[in-house]
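K.L.:
The structure that follows is given in the form of structure tokens.
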Amino acid sequence: MTGQKRIRLNGNEYTTGASTLSELLQELKIAPETVAVEVNLQVVKKTEYDNFLLKEGDSVEVVTFVGGGAMEDDRLVIRGIEFNSRLWVGTGKYRDFEETARAIEASGTDCVTVAVRRVNILDRKSPNLLDYIDPKKYKILPNTAGCYTVEEALRYARLAREAGVSDMVKLEVIGDEKTLFPDVCGLLKATEILAKEGFIVLPYTNDDPVTAKRLVDAGAAAVMPLGAPIGSGLGIRNPYNIKIILEMVDVPVIVDAGVGTASDATIAMELGCDAVLINTGIAGAKDPIAMAKAMRHAVIAGRLAYKAGRIPKKLYATASSPLEGMLV
């Protein structure tokens, strides 16, 4: 420890006697393995915390993660990472972390998305989502939710990886505040940059097949087209575009956004999608735990139906019982 210095910590003026980042985290009673740290807009590697000297006027950001069913031998694999469940679950909008954990458990998922947000420095006893979700049990998928520029998305993705959870990132570059539709140009640019940096990029995109193909060409490990606007619960509004995307790309296709109830999830899987990501459809239900169970069974049913192969649609009836042997 050295003399007192004033820094800007998570947007607030803060006076500290710490001389290094390690000493600052110790002063704040924060475990280094649960956070990522940025100083003056530069992500600091955990291995450098002990020797990274703090200076008067430094701007320090300390971030952590918050809330933003399978068949045997039918695992989803993305860049060598295996997923037992084809239902992925978001962690935002629940009443509390306890409900979040119960819904995730009920869903049967093994992949949950989390948003990167500042550590609450003013209330050091405030709970952390990772206190309720075991990273050894679940694959943690950080996302760049709330980012409206390429620079913001890159910054959050790099902080998330430095926190030590995963090289995967659900990439969001939002283009419109009202609809939350993606900024396609920004999304393509950010995907290309992060893919070159070794990220496993899963971009949230619109349901345009051409955009999906370009994202794959830019290095995306999977594409995540919306079924409908985020949080709308409208279901799969354009199944034909989703079908074309499935034909045009050679990476997993994961429907993200718009699923409102179990039948929506089943439709997505019957189309041939590789997985479904659901947040509001579960968290916003009257009984999130029951809805999580319903979504779990819906995804399994849809996947089974897709693999079984549905009968062709016909205009007229076809008798299911033979006519031979009828009494005349």
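Labeling convention for the structure tokens: chains A, B, ... as they appear, residues from 1 per chain, ligands from 1 in order of appearance.
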Write out as a PyMOL selection string which residues come within 10 Å of range 38-50 of chain A when counting only C-alpha atoms, dropping same-chain ones fewer than 2 positions away.

P.N.:
chain A and resi 8-10+19-25+32-33+35-36+52-54+57-63+155-156+158-164

K.L.:
Could you pull out the strand (DSSP E) residues of range 199-321 of chain A from DSSP and send them as a PyMOL selection string?

P.N.:
chain A and resi 200-205+224-225+254-256+275-278

K.L.:
Looking at A:Ala195, A:Ala268, A:Ala31, A:Cys185, which one is nearest to Ala298 in chain A, with distances taken over only C-alpha atoms?

P.N.:
A:Ala268

K.L.:
State, in Å with one decimal place, the distance from CA of Val216 in chain A to CA of Gly272 in chain A.

P.N.:
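Result for CA of Val216 in chain A versus CA of Gly272 in chain A: 18.0 Å, one decimal.
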
K.L.:
Check the smallest atom-to-atom distance from each of A:Asn206, A:Ser232, A:Thr64, A:Asn238 to Thr34 in chain A using only C-alpha atoms, then report the winner.

P.N.:
A:Thr64

K.L.:
From range 192-279 of chain A, collect each residue whose DSSP state is alpha helix (DSSP H) and return the set as number ranges by chain.

P.N.:
A: 192-196, 209-217, 239-248, 262-270

K.L.:
Take the selection from the previous step and output its residues with N, CA and C atoms, as a JSON list (two decimals), in the first residue's frame.

P.N.:
```
[["chain", "number", "residue", "atom", "x", "y", "z"],
["A", 192, "GLU", "N", -16.15, -10.25, -37.67],
["A", 192, "GLU", "CA", -14.87, -10.48, -38.32],
["A", 192, "GLU", "C", -13.70, -10.19, -37.39],
["A", 193, "ILE", "N", -13.79, -9.09, -36.65],
["A", 193, "ILE", "CA", -12.70, -8.72, -35.74],
["A", 193, "ILE", "C", -12.55, -9.75, -34.62],
["A", 194, "LEU", "N", -13.66, -10.12, -33.98],
["A", 194, "LEU", "CA", -13.58, -11.05, -32.85],
["A", 194, "LEU", "C", -13.18, -12.44, -33.30],
["A", 195, "ALA", "N", -13.64, -12.87, -34.47],
["A", 195, "ALA", "CA", -13.24, -14.19, -34.98],
["A", 195, "ALA", "C", -11.73, -14.24, -35.19],
["A", 196, "LYS", "N", -11.14, -13.17, -35.70],
["A", 196, "LYS", "CA", -9.69, -13.12, -35.90],
["A", 196, "LYS", "C", -8.94, -13.12, -34.58],
["A", 209, "PRO", "N", -31.44, -14.54, -44.86],
["A", 209, "PRO", "CA", -30.47, -15.57, -45.23],
["A", 209, "PRO", "C", -29.15, -15.01, -45.76],
["A", 210, "VAL", "N", -29.20, -13.90, -46.50],
["A", 210, "VAL", "CA", -27.97, -13.34, -47.04],
["A", 210, "VAL", "C", -27.06, -12.85, -45.91],
["A", 211, "THR", "N", -27.65, -12.18, -44.93],
["A", 211, "THR", "CA", -26.87, -11.74, -43.77],
["A", 211, "THR", "C", -26.27, -12.92, -43.03],
["A", 212, "ALA", "N", -27.06, -13.97, -42.85],
["A", 212, "ALA", "CA", -26.56, -15.16, -42.16],
["A", 212, "ALA", "C", -25.35, -15.73, -42.88],
["A", 213, "LYS", "N", -25.43, -15.82, -44.19],
["A", 213, "LYS", "CA", -24.30, -16.36, -44.97],
["A", 213, "LYS", "C", -23.07, -15.47, -44.83],
["A", 214, "ARG", "N", -23.26, -14.17, -44.86],
["A", 214, "ARG", "CA", -22.12, -13.26, -44.73],
["A", 214, "ARG", "C", -21.49, -13.34, -43.34],
["A", 215, "LEU", "N", -22.30, -13.56, -42.32],
["A", 215, "LEU", "CA", -21.77, -13.72, -40.97],
["A", 215, "LEU", "C", -20.89, -14.97, -40.87],
["A", 216, "VAL", "N", -21.32, -16.03, -41.52],
["A", 216, "VAL", "CA", -20.51, -17.25, -41.53],
["A", 216, "VAL", "C", -19.20, -16.99, -42.27],
["A", 217, "ASP", "N", -19.28, -16.30, -43.39],
["A", 217, "ASP", "CA", -18.07, -15.96, -44.14],
["A", 217, "ASP", "C", -17.13, -15.09, -43.30],
["A", 239, "PRO", "N", -41.10, -18.52, -40.83],
["A", 239, "PRO", "CA", -40.44, -19.83, -40.86],
["A", 239, "PRO", "C", -39.75, -20.13, -42.19],
["A", 240, "TYR", "N", -40.21, -19.50, -43.26],
["A", 240, "TYR", "CA", -39.62, -19.76, -44.57],
["A", 240, "TYR", "C", -38.20, -19.20, -44.67],
["A", 241, "ASN", "N", -37.99, -18.01, -44.10],
["A", 241, "ASN", "CA", -36.62, -17.48, -44.07],
["A", 241, "ASN", "C", -35.72, -18.35, -43.21],
["A", 242, "ILE", "N", -36.22, -18.83, -42.08],
["A", 242, "ILE", "CA", -35.42, -19.71, -41.23],
["A", 242, "ILE", "C", -35.03, -20.97, -42.02],
["A", 243, "LYS", "N", -35.96, -21.53, -42.77],
["A", 243, "LYS", "CA", -35.67, -22.71, -43.58],
["A", 243, "LYS", "C", -34.58, -22.42, -44.61],
["A", 244, "ILE", "N", -34.64, -21.25, -45.23],
["A", 244, "ILE", "CA", -33.63, -20.90, -46.22],
["A", 244, "ILE", "C", -32.26, -20.73, -45.56],
["A", 245, "ILE", "N", -32.25, -20.10, -44.38],
["A", 245, "ILE", "CA", -30.99, -19.97, -43.63],
["A", 245, "ILE", "C", -30.39, -21.34, -43.36],
["A", 246, "LEU", "N", -31.22, -22.28, -42.94],
["A", 246, "LEU", "CA", -30.74, -23.62, -42.66],
["A", 246, "LEU", "C", -30.12, -24.27, -43.90],
["A", 247, "GLU", "N", -30.64, -23.94, -45.07],
["A", 247, "GLU", "CA", -30.10, -24.49, -46.31],
["A", 247, "GLU", "C", -28.82, -23.78, -46.74],
["A", 248, "MET", "N", -28.67, -22.50, -46.39],
["A", 248, "MET", "CA", -27.58, -21.69, -46.92],
["A", 248, "MET", "C", -26.30, -21.74, -46.09],
["A", 262, "ALA", "N", -44.44, -22.83, -25.46],
["A", 262, "ALA", "CA", -43.80, -24.09, -25.84],
["A", 262, "ALA", "C", -43.96, -24.43, -27.32],
["A", 263, "SER", "N", -45.15, -24.15, -27.88],
["A", 263, "SER", "CA", -45.36, -24.49, -29.29],
["A", 263, "SER", "C", -44.41, -23.73, -30.21],
["A", 264, "ASP", "N", -44.03, -22.49, -29.84],
["A", 264, "ASP", "CA", -43.07, -21.73, -30.63],
["A", 264, "ASP", "C", -41.72, -22.44, -30.67],
["A", 265, "ALA", "N", -41.30, -22.94, -29.51],
["A", 265, "ALA", "CA", -40.03, -23.65, -29.44],
["A", 265, "ALA", "C", -40.07, -24.93, -30.27],
["A", 266, "THR", "N", -41.20, -25.63, -30.22],
["A", 266, "THR", "CA", -41.34, -26.85, -31.00],
["A", 266, "THR", "C", -41.25, -26.57, -32.49],
["A", 267, "ILE", "N", -41.91, -25.51, -32.94],
["A", 267, "ILE", "CA", -41.87, -25.15, -34.36],
["A", 267, "ILE", "C", -40.43, -24.88, -34.80],
["A", 268, "ALA", "N", -39.69, -24.14, -34.00],
["A", 268, "ALA", "CA", -38.30, -23.85, -34.34],
["A", 268, "ALA", "C", -37.49, -25.13, -34.53],
["A", 269, "MET", "N", -37.70, -26.08, -33.63],
["A", 269, "MET", "CA", -36.95, -27.32, -33.72],
["A", 269, "MET", "C", -37.44, -28.20, -34.87],
["A", 270, "GLU", "N", -38.75, -28.19, -35.14],
["A", 270, "GLU", "CA", -39.27, -28.97, -36.25],
["A", 270, "GLU", "C", -38.77, -28.45, -37.59]]
```

K.L.:
What is the CA of Gly302 in chain A-CA of Ile254 in chain A distance in Å, reported with one decimal?

P.N.:
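Separation between CA of Gly302 in chain A and CA of Ile254 in chain A: 13.5 Å.
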
K.L.:
Identify which of the residues A:Arg237, A:Asp131, A:Asn143, A:Thr191 lies closest to Asp207 in chain A, counting only C-alpha atoms when measuring atom-to-atom distances.

P.N.:
A:Arg237

K.L.:
Taking into account only C-alpha atoms, which residue in the set A:Gly260, A:Gly11, A:Pro252, A:Gly146 is nearest to Ile236 in chain A?

P.N.:
A:Gly260

K.L.:
Just give me the gap between CA of Glu197 in chain A and CA of Asn84 in chain A in Å, one decimal is fine.

P.N.:
27.1 Å

K.L.:
When you look at Asp176 in chain A with a cut-off of 12 Å (counting only C-alpha atoms), what residues show up, excluding the ones that are within fewer than 3 positions of it in the same chain? I need them as an NGL selection string.

P.N.:
:A and (146-149 or 172-173 or 179-184 or 229-230)

K.L.:
Suppose we keep all heavy atoms; can you now write the selection as a tab-separated table (two decimals), in the first residue's frame?

P.N.:
```tsv
chain	number	residue	atom	x	y	z
A	146	GLY	N	-27.09	-4.72	-25.07
A	146	GLY	CA	-27.09	-3.29	-24.81
A	146	GLY	C	-26.04	-2.51	-25.57
A	146	GLY	O	-25.96	-1.29	-25.41
A	147	CYS	N	-25.27	-3.19	-26.40
A	147	CYS	CA	-24.22	-2.49	-27.16
A	147	CYS	C	-24.79	-2.01	-28.50
A	147	CYS	O	-25.36	-2.79	-29.27
A	147	CYS	CB	-23.03	-3.42	-27.40
A	147	CYS	SG	-22.15	-3.86	-25.89
A	148	TYR	N	-24.58	-0.73	-28.80
A	148	TYR	CA	-25.11	-0.12	-30.01
A	148	TYR	C	-24.03	0.23	-31.03
A	148	TYR	O	-24.34	0.70	-32.12
A	148	TYR	CB	-25.91	1.13	-29.67
A	148	TYR	CG	-27.27	0.83	-29.09
A	148	TYR	CD1	-27.43	0.50	-27.75
A	148	TYR	CD2	-28.41	0.86	-29.89
A	148	TYR	CE1	-28.67	0.21	-27.22
A	148	TYR	CE2	-29.67	0.60	-29.36
A	148	TYR	CZ	-29.79	0.26	-28.03
A	148	TYR	OH	-31.02	-0.02	-27.50
A	149	THR	N	-22.77	0.01	-30.68
A	149	THR	CA	-21.67	0.28	-31.61
A	149	THR	C	-20.72	-0.90	-31.63
A	149	THR	O	-20.68	-1.71	-30.69
A	149	THR	CB	-20.88	1.53	-31.20
A	149	THR	OG1	-20.19	1.29	-29.96
A	149	THR	CG2	-21.79	2.74	-31.06
A	172	GLU	N	-24.04	-9.14	-29.87
A	172	GLU	CA	-25.15	-8.26	-30.20
A	172	GLU	C	-24.60	-6.88	-30.53
A	172	GLU	O	-23.84	-6.31	-29.74
A	172	GLU	CB	-26.16	-8.15	-29.06
A	172	GLU	CG	-26.85	-9.45	-28.70
A	172	GLU	CD	-27.91	-9.26	-27.62
A	172	GLU	OE1	-28.43	-8.14	-27.50
A	172	GLU	OE2	-28.20	-10.23	-26.91
A	173	VAL	N	-24.99	-6.35	-31.68
A	173	VAL	CA	-24.77	-4.94	-32.01
A	173	VAL	C	-26.14	-4.42	-32.43
A	173	VAL	O	-26.63	-4.70	-33.52
A	173	VAL	CB	-23.75	-4.75	-33.14
A	173	VAL	CG1	-23.53	-3.25	-33.38
A	173	VAL	CG2	-22.43	-5.43	-32.81
A	179	THR	N	-37.03	-1.29	-31.61
A	179	THR	CA	-37.27	-2.66	-32.08
A	179	THR	C	-36.20	-3.64	-31.63
A	179	THR	O	-36.42	-4.84	-31.65
A	179	THR	CB	-37.31	-2.69	-33.62
A	179	THR	OG1	-36.02	-2.31	-34.14
A	179	THR	CG2	-38.37	-1.75	-34.16
A	180	LEU	N	-35.03	-3.10	-31.23
A	180	LEU	CA	-33.88	-3.93	-30.87
A	180	LEU	C	-33.42	-4.82	-32.02
A	180	LEU	O	-32.79	-5.84	-31.80
A	180	LEU	CB	-34.16	-4.76	-29.61
A	180	LEU	CG	-34.48	-3.97	-28.34
A	180	LEU	CD1	-34.72	-4.91	-27.17
A	180	LEU	CD2	-33.37	-2.98	-28.00
A	181	PHE	N	-33.73	-4.40	-33.24
A	181	PHE	CA	-33.20	-5.12	-34.39
A	181	PHE	C	-31.69	-4.89	-34.47
A	181	PHE	O	-31.19	-3.83	-34.08
A	181	PHE	CB	-33.86	-4.63	-35.68
A	181	PHE	CG	-35.27	-5.11	-35.87
A	181	PHE	CD1	-36.19	-4.34	-36.57
A	181	PHE	CD2	-35.70	-6.33	-35.35
A	181	PHE	CE1	-37.50	-4.77	-36.75
A	181	PHE	CE2	-37.00	-6.76	-35.53
A	181	PHE	CZ	-37.90	-5.99	-36.22
A	182	PRO	N	-30.96	-5.86	-35.01
A	182	PRO	CA	-29.51	-5.72	-35.07
A	182	PRO	C	-29.04	-4.74	-36.13
A	182	PRO	O	-29.72	-4.52	-37.14
A	182	PRO	CB	-29.03	-7.14	-35.40
A	182	PRO	CG	-30.20	-7.80	-36.05
A	182	PRO	CD	-31.42	-7.20	-35.43
A	183	ASP	N	-27.89	-4.14	-35.88
A	183	ASP	CA	-27.18	-3.32	-36.87
A	183	ASP	C	-26.34	-4.28	-37.70
A	183	ASP	O	-25.28	-4.73	-37.27
A	183	ASP	CB	-26.30	-2.30	-36.15
A	183	ASP	CG	-25.40	-1.52	-37.09
A	183	ASP	OD1	-25.39	-1.80	-38.30
A	183	ASP	OD2	-24.69	-0.62	-36.60
A	184	VAL	N	-26.82	-4.61	-38.88
A	184	VAL	CA	-26.19	-5.66	-39.69
A	184	VAL	C	-24.74	-5.31	-40.06
A	184	VAL	O	-23.84	-6.14	-39.95
A	184	VAL	CB	-27.02	-5.93	-40.96
A	184	VAL	CG1	-26.28	-6.86	-41.90
A	184	VAL	CG2	-28.37	-6.52	-40.58
A	229	PRO	N	-39.17	-9.98	-32.77
A	229	PRO	CA	-38.42	-9.02	-31.94
A	229	PRO	C	-38.22	-9.52	-30.51
A	229	PRO	O	-39.05	-10.23	-29.95
A	229	PRO	CB	-39.32	-7.77	-31.99
A	229	PRO	CG	-40.00	-7.86	-33.30
A	229	PRO	CD	-40.27	-9.32	-33.50
A	230	ILE	N	-37.10	-9.12	-29.92
A	230	ILE	CA	-36.74	-9.53	-28.57
A	230	ILE	C	-37.87	-9.23	-27.59
A	230	ILE	O	-38.39	-8.11	-27.54
A	230	ILE	CB	-35.45	-8.80	-28.12
A	230	ILE	CG1	-34.25	-9.29	-28.93
A	230	ILE	CG2	-35.20	-9.01	-26.63
A	230	ILE	CD1	-32.98	-8.52	-28.65
```

K.L.:
Here is a test: counting only C-alpha atoms, which residue of A:Met291, A:Ala319, A:Leu171, A:Val201 is nearest to Glu105 in chain A?

P.N.:
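Closest to Glu105 in chain A, using only C-alpha atoms: A:Met291.
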